[in-house]
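Enquirer: Quick one: this structure, given as structure tokens, is what I'll be asking you about.
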Amino acid sequence: MDLFERQRLIRQKRRAALQRGIVAILDIGTSKIVCMIIKFDPSVQEEAADGPNVIARHNRFRVIGVATTRSRGVKYGEISAMAETERAVRTAVQAAQKMAGVVADHAFVCFSGGDPRSYGLSGDVQLSVNEIEDQDIANALAACDVPDLGEGREPLHAMPVNFTVDHRSGFADPRGQVGNRLSVDMHLLSVRTSMLQNLIACVKRCDLELAGVISAPYASGISALVEDEQELGAACVDLGAGTTSLSIFYKKHMIYADSSPLSGNLVTSDVSQCLQIPMQVAERIKTLHGGVVATGVDDRDMIDIGADTGDWHHDRREISRADLIGIMRPRLEEIFEDVRDRLREANFDYLPGQRIVLTGGMSDLLGVDGLATRILGQQVRLGRPMRIQGLPQAATGQSFAAAVGLVLYSAHPQDECWDFDLPVSGLQTRSLRRAVRWFRENW
């Protein structure tokens with residue numbers, strides 16, 4: 001099926017899922033798979049102001065089921081073993097449905113892999129009438145000069161981040177404004193097609209209809225950044241197990257996203273190789289006793305490795321916490337140095353806010369925020385996801401930021417408000433046709 005038809009079908013399923021009232025939220029990560037069952041009030045709907053379509057914006061929703069399971073068959077945020085990932089997803093979905101007492105047919109999914117790439121697009125049109133209407137916005141979006149994404153890549157998000165009317169910038173919705181020329185700045189995020197197809201195939205094999213797909217950097221930023229940070233400019237760094245995701249928000253829109261393979265699994269691997277212990281034991285030691293700042297007390301704080309190799313002398317070894325920190329700190333410094341380089345490439349220093357928020361499972365390590373402040377040289381804080389109704393206390397940590405962000409996105413699908421009907425036959429150039437197709441697929 002053509003990409004356009006497939007995306008239109010997904011949008012129809014999204015609306016059907018919201019009207020149905022029961023939706024599954026799936027965060028398919030490298031270390032764990034999270035499933036949340038969300039119950040919406042189907043009577044709460046709003047109609048877009050002066051818009052052509054009715055938007056299912058369910059302001060009242062509640063989490064009625066949550067389940068997590070260890071991820072299998074996922075490496076660096078991408079599915080590497082379909083059968084194992086399917087079993088893990090089925091386990092999480094069935095446990096969440098059992099807790100909720102309902103069966104979910106549709107699912108929203110987020111992922112952290114796919115090698116995301118950001119593009120900045122711009123377009124402008126001359127207005128035929130002074131007052132801006134829906135057709136003028138559609139023409140401006142279609143006028144964006146779309147770059148060549150390369151073979152095997154396709155757009156995932158296409159977000160208008162700023163409108164300009166006669167050199168007056170900063171409009172979130174220019175409809176009703178009076179002017180002679182309309183310009184738009186758009187952020188386009190592309191991912192690898194093969195990764196996206198594997199994700200869709202895995203969801204279908206679990207007897208779920210796909211209602212929407214978003215990237216984990218976008219979801220983490222939605223849940224971890226407060227409103228002022230999204231407005232003034234801030235970066236959300238999700239320190240995950242398989243990838244380190246980065247997203248930059250400005251004027252309440254995501255303007256940049258990226259991911260790096262340097263992640264928490266490399267820290268676990270360093271501990272495993274240095275201590276000659278299995279990865280599972282190294283993960284336990286890193287989680288319970290790990291950190292990045294050593295003090296004098298840590299030299300006397302001994303950790304029982306407790307391996308299970310059968311060799312008594314090897315299994316009964318002890319290591320000081322200072323030595324463990326000495327193993328973990330160099331890799332964490334490398335991760336933050338990579339984040340610093342990516343922020344510089346994105347021109348993050350030019351934003352007025354410049355706040356950096358750390359989230360993800362590895363941000364729970366003691367002293368991570370201080371190390372990040374020293375390397376990144378910015379205002380750094382730890383970001384917990386927003387509290388939503390019905391969310392249990394065990395699911396409010398930093399490692400659930402992407403899942404909570406996906407819940408907020410499913411309740412308020414922002415891409416529906418720019419779904420204008422544009423006559424494709426009136427466009428002459430190939431770039432315009434592609435821009436309209438992407439615009440209609442994502443907005």
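Residues in the structure tokens are named by chain (A, B, ... in the order shown) and by number from 1 within that chain; ligands are numbered from 1 in the order shown.
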Where in segment 292-394 of chain A does DSSP assign strand (DSSP E), given as a PyMOL selection string?
Expert: chain A and resi 302-304+318-320+355-359+379-382
Enquirer: Write out as JSON lines a residue-level contact list of segment 102-140 of chain A versus segment 258-262 of chain A with cut-off 9 Å: for each qualifying residue the closest pair of atoms and the distance in Å to one decimal, counting only C-alpha atoms, rows sorted by chain and residue number upward.
Expert:
{"residue": "A:Ser112", "atom": "CA", "partner": "A:Ser259", "partner_atom": "CA", "distance": 7.5}
{"residue": "A:Gly113", "atom": "CA", "partner": "A:Ser259", "partner_atom": "CA", "distance": 7.3}
{"residue": "A:Gly114", "atom": "CA", "partner": "A:Ser259", "partner_atom": "CA", "distance": 8.7}
{"residue": "A:Asp115", "atom": "CA", "partner": "A:Ser259", "partner_atom": "CA", "distance": 6.6}
{"residue": "A:Pro116", "atom": "CA", "partner": "A:Asp258", "partner_atom": "CA", "distance": 5.6}
{"residue": "A:Arg117", "atom": "CA", "partner": "A:Asp258", "partner_atom": "CA", "distance": 6.3}
{"residue": "A:Ser118", "atom": "CA", "partner": "A:Asp258", "partner_atom": "CA", "distance": 7.4}
Enquirer: Write out, as an mmCIF file, in the first residue's frame, the residues just selected, with N, CA and C atoms.
Expert:
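And here's selection11.cif as it stands now:
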data_model
loop_
_atom_site.group_PDB
_atom_site.id
_atom_site.type_symbol
_atom_site.label_atom_id
_atom_site.label_comp_id
_atom_site.auth_asym_id
_atom_site.auth_seq_id
_atom_site.Cartn_x
_atom_site.Cartn_y
_atom_site.Cartn_z
ATOM 1 N N SER A 112 12.753 4.335 20.224
ATOM 2 C CA SER A 112 13.904 5.220 20.387
ATOM 3 C C SER A 112 14.948 5.048 19.295
ATOM 4 N N GLY A 113 14.807 4.070 18.423
ATOM 5 C CA GLY A 113 15.808 3.838 17.383
ATOM 6 C C GLY A 113 15.426 4.500 16.075
ATOM 7 N N GLY A 114 15.900 3.915 14.998
ATOM 8 C CA GLY A 114 15.553 4.397 13.671
ATOM 9 C C GLY A 114 16.443 5.478 13.110
ATOM 10 N N ASP A 115 17.514 5.869 13.835
ATOM 11 C CA ASP A 115 18.432 6.906 13.356
ATOM 12 C C ASP A 115 17.668 8.158 12.926
ATOM 13 N N PRO A 116 17.003 8.852 13.849
ATOM 14 C CA PRO A 116 16.213 10.026 13.457
ATOM 15 C C PRO A 116 17.091 11.160 12.950
ATOM 16 N N ARG A 117 16.575 11.880 11.967
ATOM 17 C CA ARG A 117 17.267 13.039 11.403
ATOM 18 C C ARG A 117 16.277 14.187 11.272
ATOM 19 N N SER A 118 16.727 15.371 11.637
ATOM 20 C CA SER A 118 15.869 16.549 11.629
ATOM 21 C C SER A 118 16.213 17.441 10.440
#
Enquirer: Using only C-alpha atoms, which residues sit within 8 Å of segment 364-367 of chain A once same-chain residues fewer than 2 positions away are excluded, as an MDAnalysis selection string?
Expert: chainID A and resid 287 290:293 360:362 369:371 398
Enquirer: List the neighbours of Gln378 of chain A out to 9 Å using only C-alpha atoms; skip same-chain residues closer than 3 positions along the sequence, and give me the result as a list of chain:residue names.
Expert: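 My reading of the contact set: A:Gln354, A:Arg355, A:Ile356, A:Ala372, A:Thr373, A:Arg374, A:Ile375.
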Enquirer: Please provide the set of residues having any atom within 6 Å of Lys252 of chain A, restricted to only C-alpha atoms, with same-chain residues fewer than 2 positions apart removed, written as a ChimeraX atom specification.
Expert: /A:230-231,250
Enquirer: Atom CA of Gly377 of chain A and atom CA of Leu225 of chain A are how many Å apart?
Expert: 18.9 Å
Enquirer: Give me, please, the distance in Å between atom CA of Asp105 of chain A and atom CA of Phe40 of chain A, quoted to one decimal.
Expert: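 Those two atoms sit 14.0 Å apart.
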Enquirer: Would you list the contacts of Ala172 of chain A as number ranges by chain, taking every protein, DNA or RNA residue within 10 Å and counting only C-alpha atoms, but skipping same-chain residues closer than 3 positions in sequence?
Expert: A: 160-164, 169, 175, 251-253
Enquirer: With all heavy atoms retained, write the just-selected residues as a PDB file, in the first residue's frame.
Expert:
ATOM      1  N   PRO A 160       4.678  22.231  11.790  1.00  0.00           N
ATOM      2  CA  PRO A 160       4.824  23.681  11.636  1.00  0.00           C
ATOM      3  C   PRO A 160       5.148  24.314  12.992  1.00  0.00           C
ATOM      4  O   PRO A 160       4.380  24.177  13.944  1.00  0.00           O
ATOM      5  CB  PRO A 160       3.454  24.133  11.127  1.00  0.00           C
ATOM      6  CG  PRO A 160       2.794  22.899  10.618  1.00  0.00           C
ATOM      7  CD  PRO A 160       3.326  21.777  11.451  1.00  0.00           C
ATOM      8  N   VAL A 161       6.296  24.970  13.094  1.00  0.00           N
ATOM      9  CA  VAL A 161       6.744  25.504  14.382  1.00  0.00           C
ATOM     10  C   VAL A 161       6.608  27.014  14.467  1.00  0.00           C
ATOM     11  O   VAL A 161       6.652  27.571  15.576  1.00  0.00           O
ATOM     12  CB  VAL A 161       8.207  25.094  14.661  1.00  0.00           C
ATOM     13  CG1 VAL A 161       8.322  23.589  14.756  1.00  0.00           C
ATOM     14  CG2 VAL A 161       9.136  25.620  13.579  1.00  0.00           C
ATOM     15  N   ASN A 162       6.444  27.696  13.327  1.00  0.00           N
ATOM     16  CA  ASN A 162       6.353  29.149  13.385  1.00  0.00           C
ATOM     17  C   ASN A 162       5.749  29.669  12.087  1.00  0.00           C
ATOM     18  O   ASN A 162       6.054  29.173  11.002  1.00  0.00           O
ATOM     19  CB  ASN A 162       7.739  29.772  13.585  1.00  0.00           C
ATOM     20  CG  ASN A 162       7.691  31.288  13.623  1.00  0.00           C
ATOM     21  OD1 ASN A 162       6.938  31.869  14.386  1.00  0.00           O
ATOM     22  ND2 ASN A 162       8.492  31.935  12.781  1.00  0.00           N
ATOM     23  N   PHE A 163       4.873  30.667  12.217  1.00  0.00           N
ATOM     24  CA  PHE A 163       4.297  31.351  11.066  1.00  0.00           C
ATOM     25  C   PHE A 163       4.683  32.830  11.126  1.00  0.00           C
ATOM     26  O   PHE A 163       4.747  33.425  12.215  1.00  0.00           O
ATOM     27  CB  PHE A 163       2.771  31.223  11.065  1.00  0.00           C
ATOM     28  CG  PHE A 163       2.273  29.845  10.743  1.00  0.00           C
ATOM     29  CD1 PHE A 163       1.977  28.943  11.750  1.00  0.00           C
ATOM     30  CD2 PHE A 163       2.102  29.441   9.426  1.00  0.00           C
ATOM     31  CE1 PHE A 163       1.521  27.667  11.458  1.00  0.00           C
ATOM     32  CE2 PHE A 163       1.649  28.167   9.122  1.00  0.00           C
ATOM     33  CZ  PHE A 163       1.358  27.279  10.138  1.00  0.00           C
ATOM     34  N   THR A 164       4.929  33.406   9.945  1.00  0.00           N
ATOM     35  CA  THR A 164       5.290  34.814   9.827  1.00  0.00           C
ATOM     36  C   THR A 164       4.340  35.489   8.866  1.00  0.00           C
ATOM     37  O   THR A 164       4.119  34.993   7.756  1.00  0.00           O
ATOM     38  CB  THR A 164       6.739  34.971   9.335  1.00  0.00           C
ATOM     39  OG1 THR A 164       7.614  34.280  10.231  1.00  0.00           O
ATOM     40  CG2 THR A 164       7.132  36.438   9.270  1.00  0.00           C
ATOM     41  N   SER A 169       6.715  37.766  13.178  1.00  0.00           N
ATOM     42  CA  SER A 169       6.933  36.351  13.464  1.00  0.00           C
ATOM     43  C   SER A 169       6.320  35.971  14.803  1.00  0.00           C
ATOM     44  O   SER A 169       5.893  36.819  15.586  1.00  0.00           O
ATOM     45  CB  SER A 169       8.432  36.042  13.464  1.00  0.00           C
ATOM     46  OG  SER A 169       8.662  34.677  13.707  1.00  0.00           O
ATOM     47  N   ARG A 175      -4.470  32.096  11.378  1.00  0.00           N
ATOM     48  CA  ARG A 175      -5.793  32.283  10.787  1.00  0.00           C
ATOM     49  C   ARG A 175      -6.493  33.502  11.395  1.00  0.00           C
ATOM     50  O   ARG A 175      -6.503  33.689  12.608  1.00  0.00           O
ATOM     51  CB  ARG A 175      -6.642  31.034  10.996  1.00  0.00           C
ATOM     52  CG  ARG A 175      -6.229  29.880  10.119  1.00  0.00           C
ATOM     53  CD  ARG A 175      -7.045  28.633  10.400  1.00  0.00           C
ATOM     54  NE  ARG A 175      -6.719  28.070  11.720  1.00  0.00           N
ATOM     55  CZ  ARG A 175      -7.215  26.917  12.164  1.00  0.00           C
ATOM     56  NH1 ARG A 175      -8.038  26.223  11.406  1.00  0.00           N
ATOM     57  NH2 ARG A 175      -6.877  26.468  13.347  1.00  0.00           N
ATOM     58  N   LYS A 251       9.239  27.385  21.733  1.00  0.00           N
ATOM     59  CA  LYS A 251       7.895  27.869  21.409  1.00  0.00           C
ATOM     60  C   LYS A 251       6.880  26.719  21.425  1.00  0.00           C
ATOM     61  O   LYS A 251       5.966  26.664  20.596  1.00  0.00           O
ATOM     62  CB  LYS A 251       7.872  28.571  20.060  1.00  0.00           C
ATOM     63  CG  LYS A 251       8.704  29.833  19.994  1.00  0.00           C
ATOM     64  CD  LYS A 251       8.153  30.926  20.886  1.00  0.00           C
ATOM     65  CE  LYS A 251       8.965  32.210  20.740  1.00  0.00           C
ATOM     66  NZ  LYS A 251       8.458  33.291  21.622  1.00  0.00           N
ATOM     67  N   LYS A 252       7.087  25.775  22.379  1.00  0.00           N
ATOM     68  CA  LYS A 252       6.186  24.642  22.603  1.00  0.00           C
ATOM     69  C   LYS A 252       6.141  23.671  21.422  1.00  0.00           C
ATOM     70  O   LYS A 252       5.168  22.939  21.246  1.00  0.00           O
ATOM     71  CB  LYS A 252       4.771  25.129  22.921  1.00  0.00           C
ATOM     72  CG  LYS A 252       4.692  25.964  24.187  1.00  0.00           C
ATOM     73  CD  LYS A 252       3.268  26.375  24.507  1.00  0.00           C
ATOM     74  CE  LYS A 252       3.225  27.205  25.785  1.00  0.00           C
ATOM     75  NZ  LYS A 252       1.854  27.645  26.117  1.00  0.00           N
ATOM     76  N   HIS A 253       7.195  23.667  20.603  1.00  0.00           N
ATOM     77  CA  HIS A 253       7.293  22.726  19.491  1.00  0.00           C
ATOM     78  C   HIS A 253       8.668  22.070  19.522  1.00  0.00           C
ATOM     79  O   HIS A 253       9.661  22.702  19.913  1.00  0.00           O
ATOM     80  CB  HIS A 253       7.103  23.428  18.144  1.00  0.00           C
ATOM     81  CG  HIS A 253       5.733  23.987  17.933  1.00  0.00           C
ATOM     82  ND1 HIS A 253       4.655  23.207  17.605  1.00  0.00           N
ATOM     83  CD2 HIS A 253       5.269  25.259  18.012  1.00  0.00           C
ATOM     84  CE1 HIS A 253       3.584  23.973  17.479  1.00  0.00           C
ATOM     85  NE2 HIS A 253       3.925  25.217  17.725  1.00  0.00           N
TER      86      HIS A 253
END
Enquirer: Considering only C-alpha atoms, return as a VMD selection string whatever protein or nucleic-acid residues lie within 12 Å of Val191 of chain A, sequence-local ones (same chain, fewer than 2 positions apart) excluded.
Expert: chain A and resid 78 111 to 119 149 to 157 188 to 189 193 to 197 213 to 215 257 to 259
Enquirer: Among segment 82-226 of chain A, which ones does DSSP assign to alpha helix (DSSP H) (computed from the backbone)? Answer as a ChimeraX atom specification.
Expert: /A:82-100,134-142,193-205,216-224
Enquirer: Which one is closest to Gly306 of chain A: A:Ile285, A:Val203, A:Ala138, A:Leu210? Count only C-alpha atoms.
Expert: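 Distance minimum relative to Gly306 of chain A lands on A:Ile285.
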Enquirer: Report, in Å with one decimal, the straight-line distance from atom CA of Ala140 of chain A to atom CA of Asp124 of chain A.
Expert: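 Answer for the atom CA of Ala140 of chain A to atom CA of Asp124 of chain A separation: 5.2 Å.
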